[in-house]
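Working notes, beginning with the structure itself.
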Protein chains: 2
Amino acid sequence: MRFVIIGGDAAGMSAASRAKRLDPSLEVIVLEQTRDVSYSACGMPYNIADPVRSMDDLVVRPADVFRQKTGIDVRTRNRVERINAAKGTVEGIADDTRAFELAYDRLLLATGAKPMIPDIPGFDLPGVMALKSLDQGRQIKAFIANNAVRRVLIIGMGYIALEMGEALRARDIDVEIVKPRPDLLPWMDRELAGTVQQELTENQVRLHFGRAVERIECSGDRLAVLDGDASTIMDHAVEMVLVAIGVQPVSELAAQAGLGLGPGQAIAVDRQMRTADDRIYAAGDCADAFHVVTGHKVWIPLALRANRAGWAVADHLCGKPVNIAGVAGTAVFKVFDLQVARTGLTTSEAAEAGFDPVAVTIAARSRAHAHPGGSRIQVHMVGDRQSGRLLGAQMVGREGVAHRINAAAVALHAAMSVEQFAQCDLSYAPPFGGVWDPLLVAANQLIKLI
Amino acid sequence: MRFVIIGGDAAGMSAASRAKRLDPSLEVIVLEQTRDVSYSACGMPYNIADPVRSMDDLVVRPADVFRQKTGIDVRTRNRVERINAAKGTVEGIADDTRAFELAYDRLLLATGAKPMIPDIPGFDLPGVMALKSLDQGRQIKAFIANNAVRRVLIIGMGYIALEMGEALRARDIDVEIVKPRPDLLPWMDRELAGTVQQELTENQVRLHFGRAVERIECSGDRLAVLDGDASTIMDHAVEMVLVAIGVQPVSELAAQAGLGLGPGQAIAVDRQMRTADDRIYAAGDCADAFHVVTGHKVWIPLALRANRAGWAVADHLCGKPVNIAGVAGTAVFKVFDLQVARTGLTTSEAAEAGFDPVAVTIAARSRAHAHPGGSRIQVHMVGDRQSGRLLGAQMVGREGVAHRINAAAVALHAAMSVEQFAQCDLSYAPPFGGVWDPLLVAANQLIKLI
């Protein structure tokens, strides 16, 4: 049997490796349009922060090593342009020159996501960059080195924008960030978002809210970024503009093949990762998922899910029972010295899903009250007034946030009530927190409102 | 109604405060035998590590402030010597001089635990100390200062012994630790325990296994510690011997009053924290609990449970429904730069409880593979071969252990299978771990064995 995979990153290579391990007789072919497979995309901002390290450090295993060691037929620079589902083939172009057609018994779409690039004048100028593929990372890093970049404007304020802001500040580059909406991280509780905003400001990241970029122009050998009134957003022109307004699933091939799409135009899959065509799977950032709290379809592109979904495809293909769990949307990112984390629903997502949400925001210490070196941890927690169920949590702090959030994530998977969660026996020692973990402090407060 | 509480630390003061808040008309009297109420006992080693800080920093709220601000009648230096359950009174001695008898409507035994002191020659010599009460902490700190202590022998290798070892090393005091059994932290997986042992050795803590202390003698103005062969355990005499061989519940009053005792001679309580006498509650380190995995009675004295049980007593007393959850035995402690954590059952505890345990030990990185500054995290995970259920976990590492363990703790409360736990959507970002959290790596391995 031939298993063809389109896309050689997290989901694709996870599926390829596991399928080949489970069934060595399987012919596994990976078609990857770039030069790189199996790299840590999430590590790119941290790599860019360090002028010395090579971007190739992020490659877990190069394509040729894969071919030699695993028997997986990894074909880089192979771009698929069409799926012929009736015929069971994919058609594409290799090395930008040779057309190919390849038959499959089973096909996996692991095409990932791509940065959204607004269709307005100047976005094709040199120095206007986006970060998704490793090659884009290499280009950004080379551009900074070759153009003695001192000033960068980032368009968009999501977590990739903020991580890149930190990376550039680490290289002592001036950073300004602009977005059309009036608030930072709008999904986040306002108190917690205020802490993040303060951290950015204290690290000399200048934020411009409520201003939409309408045009980018050359200004000498630099770039001027203009809003709707044709006034420049910054005082100075910049050497580089980073576009980080968000990503979208790469689902065009699937749409053309008549496979159904779900939220955010992601490829719709069932709990066995199958699309509408039972010979075609989809997994990773291009596919949708069930939310573990609502049971509704969502599109939340995150790396762990991509890996896990790739494994699920391999298991199903090899005849193992598969019933992949929902996603909780658990995520963490670093903003300078802050750890920012979330899991589950916000109050507005909860209301939209038909819950009757109630929330608290509390502050606690990251270490016991008398222990030196502690700092503030803020927790925002959402529950359902009707059922008492825990619906979501957000946290911000300088330490002890990134992994603490997982306790709440597991509680969401277990559909625990806030009261049940508040009874959980969590760890305590003075260097690591107070007797009542900040999550328990929040849960104890939330119980009173339910 | 008069609510009398014996013991003014975690459980006692939690119960007093909450009961008074829920029902201000309640007469609440706390009888505490020492001078101190409501202090962080767990913070004492860290305070002793710092010669400058006062031990009083650990007092959350002094007794007189409690009296003034809360209306709780806190009576320090009031030692209860007898419960007359038939009559509904307690009898005791105040200030070592005045006998008192006090009637109660409801009584809470929050008498805590006390260090075990072996009954062998020399344990009453000056310089032989134990750490449990704040006064004992003050005495140790004063003794170190007044006697220019340079060498200490610690008897016992539990977590208090190890924390004290670290505290004394921070003051550049030579530390040796002795125990009669042949292994460090016998409840722990041997690989993980090896890491802890290495950390102790690298920090110049000398460990003596398999040697039982039989006698302590004066040796000039110092102390010589002798084993069964009457040979000294160390090369040199020491100024101080710290006895940390374990604690036992203070349950004599309860036993005398005919209340039932459970595991470890702890006072037996139901899920409403009631003893065999329905006017008498017990909570905190003196009381037993149901284990959340086995459902069996256990005695696991830990601070969070003490606080939570105190609250449960107040709730029940004030007519709120109470059904306290079991304990998972989740604990973390610091050993120099290591974080050491556990939750749930070990394989031997699991076998004893009738499970068919199977376990894995894995090592993972604390940060993503290409992220600088990462270190090793070891995870030991136990599951049940029959039911597939997650039974317990242990972790050791330099970062990201103390709070990570809580994800497994919540899974134990939810009675998750290892497979369900492996499907949980945990957080990921390169500075905080790999895509697959170390707990998930362990769970994925454990699944293969179940």
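In the structure tokens, each chain is lettered A, B, ... as it comes, each chain's residues begin at 1, and ligands are numbered from 1 in order of appearance.
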
Self-check item: Proximal residues of chain B relative to chain A (only C-alpha atoms; 8 Å) as JSON, numbers by chain
Solution: {"B": [42, 43, 46, 57, 58, 303, 304, 305, 324, 325, 327, 328, 329, 330, 331, 332, 333, 334, 341, 368, 370, 371, 400, 402, 403, 404, 405, 406, 407, 408, 409, 410, 411, 413, 414, 416, 421, 423, 424, 425, 426, 427, 428, 429, 430, 431, 432, 435, 436]}

Quiz item: Within 8 Å of region 11-16 of chain A, counting only C-alpha atoms, which residues qualify if same-chain residues fewer than 5 places away don't, as a list of chain:residue names?
Solution: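 Selected residues are A:Ile5, A:Ile6, A:Val28, A:Ile29, A:Val30, A:Val37, A:Ser38, A:Ile72, A:Leu108, A:Leu109, A:Ala110, A:Ala283, A:Gly284, A:Ala306, A:Asn307, A:Arg308, A:Ala309, A:Gly310, A:Trp311, A:Ala312, A:Val313, A:Ala314.
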
Requested write-out: C-alpha atoms of the selected residues, as a PDB file, in the first residue's frame:
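Output file result.pdb is given in full below:
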ATOM      1  CA  ILE A   5       1.661  12.714   2.493  1.00  0.00           C
ATOM      2  CA  ILE A   6       1.495  16.305   1.319  1.00  0.00           C
ATOM      3  CA  VAL A  28       5.468   6.123   2.510  1.00  0.00           C
ATOM      4  CA  ILE A  29       6.093   9.137   0.258  1.00  0.00           C
ATOM      5  CA  VAL A  30       6.262  12.676   1.631  1.00  0.00           C
ATOM      6  CA  VAL A  37      11.109  18.863   6.637  1.00  0.00           C
ATOM      7  CA  SER A  38      10.634  18.293  10.331  1.00  0.00           C
ATOM      8  CA  ILE A  72      10.498   7.093   4.133  1.00  0.00           C
ATOM      9  CA  LEU A 108      -2.714  12.714   4.047  1.00  0.00           C
ATOM     10  CA  LEU A 109      -3.102  16.458   3.681  1.00  0.00           C
ATOM     11  CA  ALA A 110      -0.642  17.992   6.118  1.00  0.00           C
ATOM     12  CA  ALA A 283      -4.002  16.609  10.065  1.00  0.00           C
ATOM     13  CA  GLY A 284      -2.114  19.517  11.551  1.00  0.00           C
ATOM     14  CA  ALA A 306      -0.382  18.523  14.753  1.00  0.00           C
ATOM     15  CA  ASN A 307       1.978  15.839  16.071  1.00  0.00           C
ATOM     16  CA  ARG A 308      -0.808  13.977  17.830  1.00  0.00           C
ATOM     17  CA  ALA A 309      -3.086  14.128  14.792  1.00  0.00           C
ATOM     18  CA  GLY A 310      -0.255  12.805  12.599  1.00  0.00           C
ATOM     19  CA  TRP A 311       0.092   9.837  14.927  1.00  0.00           C
ATOM     20  CA  ALA A 312      -3.671   9.276  14.863  1.00  0.00           C
ATOM     21  CA  VAL A 313      -3.614   9.116  11.060  1.00  0.00           C
ATOM     22  CA  ALA A 314      -0.821   6.532  11.135  1.00  0.00           C
TER      23      ALA A 314
END

Self-check item: Which residue of B:Gly112, B:Gly220, B:Gly354, B:Pro126 approaches Pro249 (chain B) most closely, using only C-alpha atoms
Solution: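 Selected residue with least distance to Pro249 (chain B): B:Gly112.
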
Exercise. Counting only C-alpha atoms, figure out which residue out of B:Gln394, B:Ser231, B:Leu162, B:Arg271 gets nearest to Glu191 (chain B).
Key: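 For Glu191 (chain B), the nearest of the given residues is B:Gln394.
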
Quiz item: Which residues, written as JSON, numbers by chain, have at least one atom at most 12 Å from Asp183 (chain A), with only C-alpha atoms counted and residues fewer than 2 positions away on the same chain left out?
Solution: {"A": [156, 157, 158, 178, 179, 180, 181, 185, 186, 187, 188, 189, 190, 191, 193, 194, 196, 197, 207, 208, 209, 210, 211]}

Practice problem: Would you return as a count of residues only the members of region 95-286 of chain B that DSSP assigns to alpha helix (DSSP H) on this structure's backbone? | Solution: 43

Exercise. One decimal, Å: what's the distance from CA of Arg150 (chain A) over to CA of Pro115 (chain A), could you say?
Key: 23.9 Å

Exercise. Taking the DSSP assignment computed from this structure's backbone, write out as JSON, numbers by chain all residues of region 84-239 of chain B that belong to strand (DSSP E).
Key: {"B": [84, 89, 90, 91, 92, 93, 94, 98, 99, 100, 101, 102, 103, 106, 107, 108, 109, 113, 114, 115, 128, 129, 130, 151, 152, 153, 154, 155, 174, 175, 176, 177, 178, 205, 206, 207, 208, 213, 214, 215, 216, 217, 218, 219, 222, 223, 224, 225, 226, 227]}

Would you mind exporting the chosen residues as a compact mmCIF listing (two decimals), in the first residue's frame, restricted to N, CA and C atoms?
# COMPACT_ATOMS: atom_id res chain seq x y z
N ASN B 84 -12.84 15.46 77.80
CA ASN B 84 -13.90 14.74 78.50
C ASN B 84 -15.13 14.75 77.59
N THR B 89 -16.17 18.72 77.59
CA THR B 89 -15.18 19.73 78.01
C THR B 89 -13.77 19.27 77.65
N VAL B 90 -12.88 20.25 77.62
CA VAL B 90 -11.45 19.94 77.55
C VAL B 90 -10.80 20.52 78.80
N GLU B 91 -9.75 19.82 79.26
CA GLU B 91 -9.03 20.28 80.45
C GLU B 91 -7.57 20.47 80.09
N GLY B 92 -6.94 21.47 80.71
CA GLY B 92 -5.53 21.68 80.38
C GLY B 92 -4.86 22.65 81.30
N ILE B 93 -3.69 23.13 80.87
CA ILE B 93 -2.85 24.02 81.68
C ILE B 93 -2.50 25.24 80.82
N ALA B 94 -2.74 26.42 81.38
CA ALA B 94 -2.37 27.65 80.67
C ALA B 94 -1.09 28.21 81.27
N ARG B 98 -1.66 27.59 85.24
CA ARG B 98 -3.08 27.61 85.61
C ARG B 98 -3.85 26.48 84.91
N ALA B 99 -4.50 25.66 85.70
CA ALA B 99 -5.37 24.63 85.13
C ALA B 99 -6.65 25.28 84.62
N PHE B 100 -7.17 24.75 83.50
CA PHE B 100 -8.46 25.27 83.03
C PHE B 100 -9.34 24.12 82.58
N GLU B 101 -10.62 24.36 82.56
CA GLU B 101 -11.58 23.44 81.97
C GLU B 101 -12.52 24.27 81.12
N LEU B 102 -12.77 23.81 79.91
CA LEU B 102 -13.52 24.63 78.96
C LEU B 102 -14.56 23.74 78.28
N ALA B 103 -15.81 24.19 78.30
CA ALA B 103 -16.88 23.43 77.65
C ALA B 103 -16.93 23.76 76.17
N ARG B 106 -18.90 22.14 69.85
CA ARG B 106 -18.18 21.37 68.84
C ARG B 106 -16.69 21.55 69.10
N LEU B 107 -15.95 20.47 68.87
CA LEU B 107 -14.51 20.49 69.14
C LEU B 107 -13.77 20.07 67.88
N LEU B 108 -12.68 20.76 67.57
CA LEU B 108 -11.82 20.34 66.46
C LEU B 108 -10.44 20.00 67.01
N LEU B 109 -9.98 18.79 66.70
CA LEU B 109 -8.61 18.41 67.02
C LEU B 109 -7.73 18.75 65.81
N ALA B 113 1.29 17.19 63.79
CA ALA B 113 2.22 16.07 63.90
C ALA B 113 3.43 16.53 64.71
N LYS B 114 4.21 15.58 65.15
CA LYS B 114 5.42 15.93 65.91
C LYS B 114 6.57 15.07 65.42
N PRO B 115 7.79 15.57 65.55
CA PRO B 115 8.92 14.78 65.07
C PRO B 115 9.10 13.54 65.94
N VAL B 128 21.30 18.69 70.27
CA VAL B 128 20.51 17.70 69.53
C VAL B 128 19.11 18.29 69.36
N MET B 129 18.74 18.59 68.13
CA MET B 129 17.52 19.37 67.91
C MET B 129 16.62 18.69 66.88
N ALA B 130 15.36 19.11 66.91
CA ALA B 130 14.40 18.66 65.89
C ALA B 130 13.64 19.88 65.40
N ARG B 151 29.71 22.24 61.73
CA ARG B 151 29.46 20.86 61.30
C ARG B 151 28.17 20.35 61.91
N VAL B 152 27.33 19.78 61.07
CA VAL B 152 26.04 19.25 61.53
C VAL B 152 25.86 17.84 60.99
N LEU B 153 25.35 16.98 61.83
CA LEU B 153 24.90 15.67 61.36
C LEU B 153 23.38 15.66 61.40
N ILE B 154 22.79 15.25 60.29
CA ILE B 154 21.33 15.11 60.23
C ILE B 154 21.00 13.62 60.25
N ILE B 155 20.13 13.23 61.14
CA ILE B 155 19.70 11.83 61.21
C ILE B 155 18.36 11.72 60.49
N ASP B 174 29.27 22.38 57.13
CA ASP B 174 29.46 20.99 56.67
C ASP B 174 28.25 20.16 57.09
N VAL B 175 27.75 19.38 56.15
CA VAL B 175 26.54 18.59 56.43
C VAL B 175 26.80 17.13 56.09
N GLU B 176 26.49 16.27 57.03
CA GLU B 176 26.47 14.84 56.76
C GLU B 176 25.09 14.33 57.16
N ILE B 177 24.62 13.35 56.41
CA ILE B 177 23.29 12.81 56.71
C ILE B 177 23.41 11.30 56.83
N VAL B 178 22.77 10.74 57.83
CA VAL B 178 22.88 9.32 58.09
C VAL B 178 21.49 8.69 58.17
N VAL B 205 27.14 17.46 50.35
CA VAL B 205 26.43 16.82 51.45
C VAL B 205 26.89 15.37 51.48
N ARG B 206 27.47 14.97 52.58
CA ARG B 206 27.97 13.58 52.68
C ARG B 206 26.87 12.68 53.22
N LEU B 207 26.65 11.57 52.52
CA LEU B 207 25.56 10.66 52.89
C LEU B 207 26.13 9.36 53.46
N HIS B 208 25.59 8.93 54.57
CA HIS B 208 25.98 7.65 55.19
C HIS B 208 24.76 6.74 55.21
N VAL B 213 22.09 5.19 64.19
CA VAL B 213 22.63 5.90 65.34
C VAL B 213 22.13 5.21 66.62
N GLU B 214 23.08 4.85 67.49
CA GLU B 214 22.71 4.14 68.71
C GLU B 214 22.95 4.99 69.95
N ARG B 215 23.75 6.05 69.79
CA ARG B 215 24.12 6.82 70.98
C ARG B 215 24.77 8.14 70.52
N ILE B 216 24.49 9.19 71.26
CA ILE B 216 25.19 10.46 71.05
C ILE B 216 25.91 10.80 72.34
N GLU B 217 27.17 11.17 72.22
CA GLU B 217 27.97 11.47 73.41
C GLU B 217 28.61 12.84 73.27
N CYS B 218 28.89 13.45 74.42
CA CYS B 218 29.67 14.68 74.40
C CYS B 218 31.11 14.33 74.04
N SER B 219 31.70 15.18 73.23
CA SER B 219 33.10 15.00 72.85
C SER B 219 33.72 16.38 72.94
N ARG B 222 31.74 19.36 71.82
CA ARG B 222 30.99 18.94 70.63
C ARG B 222 30.29 17.61 70.90
N LEU B 223 29.70 17.07 69.82
CA LEU B 223 28.92 15.83 69.94
C LEU B 223 29.52 14.75 69.04
N ALA B 224 29.62 13.55 69.58
CA ALA B 224 30.05 12.40 68.78
C ALA B 224 28.83 11.49 68.60
N VAL B 225 28.62 11.05 67.37
CA VAL B 225 27.44 10.23 67.08
C VAL B 225 27.93 8.82 66.77
N LEU B 226 27.46 7.85 67.54
CA LEU B 226 27.99 6.49 67.47
C LEU B 226 26.97 5.52 66.90
N ASP B 227 27.45 4.54 66.14
CA ASP B 227 26.55 3.51 65.63
C ASP B 227 26.62 2.29 66.55

Exercise. Might you pull out every residue within 6 Å of Ser417 (chain B), with only C-alpha atoms counted and same-chain residues fewer than 2 positions away left off, and present them as a list in words?
Key: Gly388, Arg389, Leu390, Glu419 and Gln420 of chain B
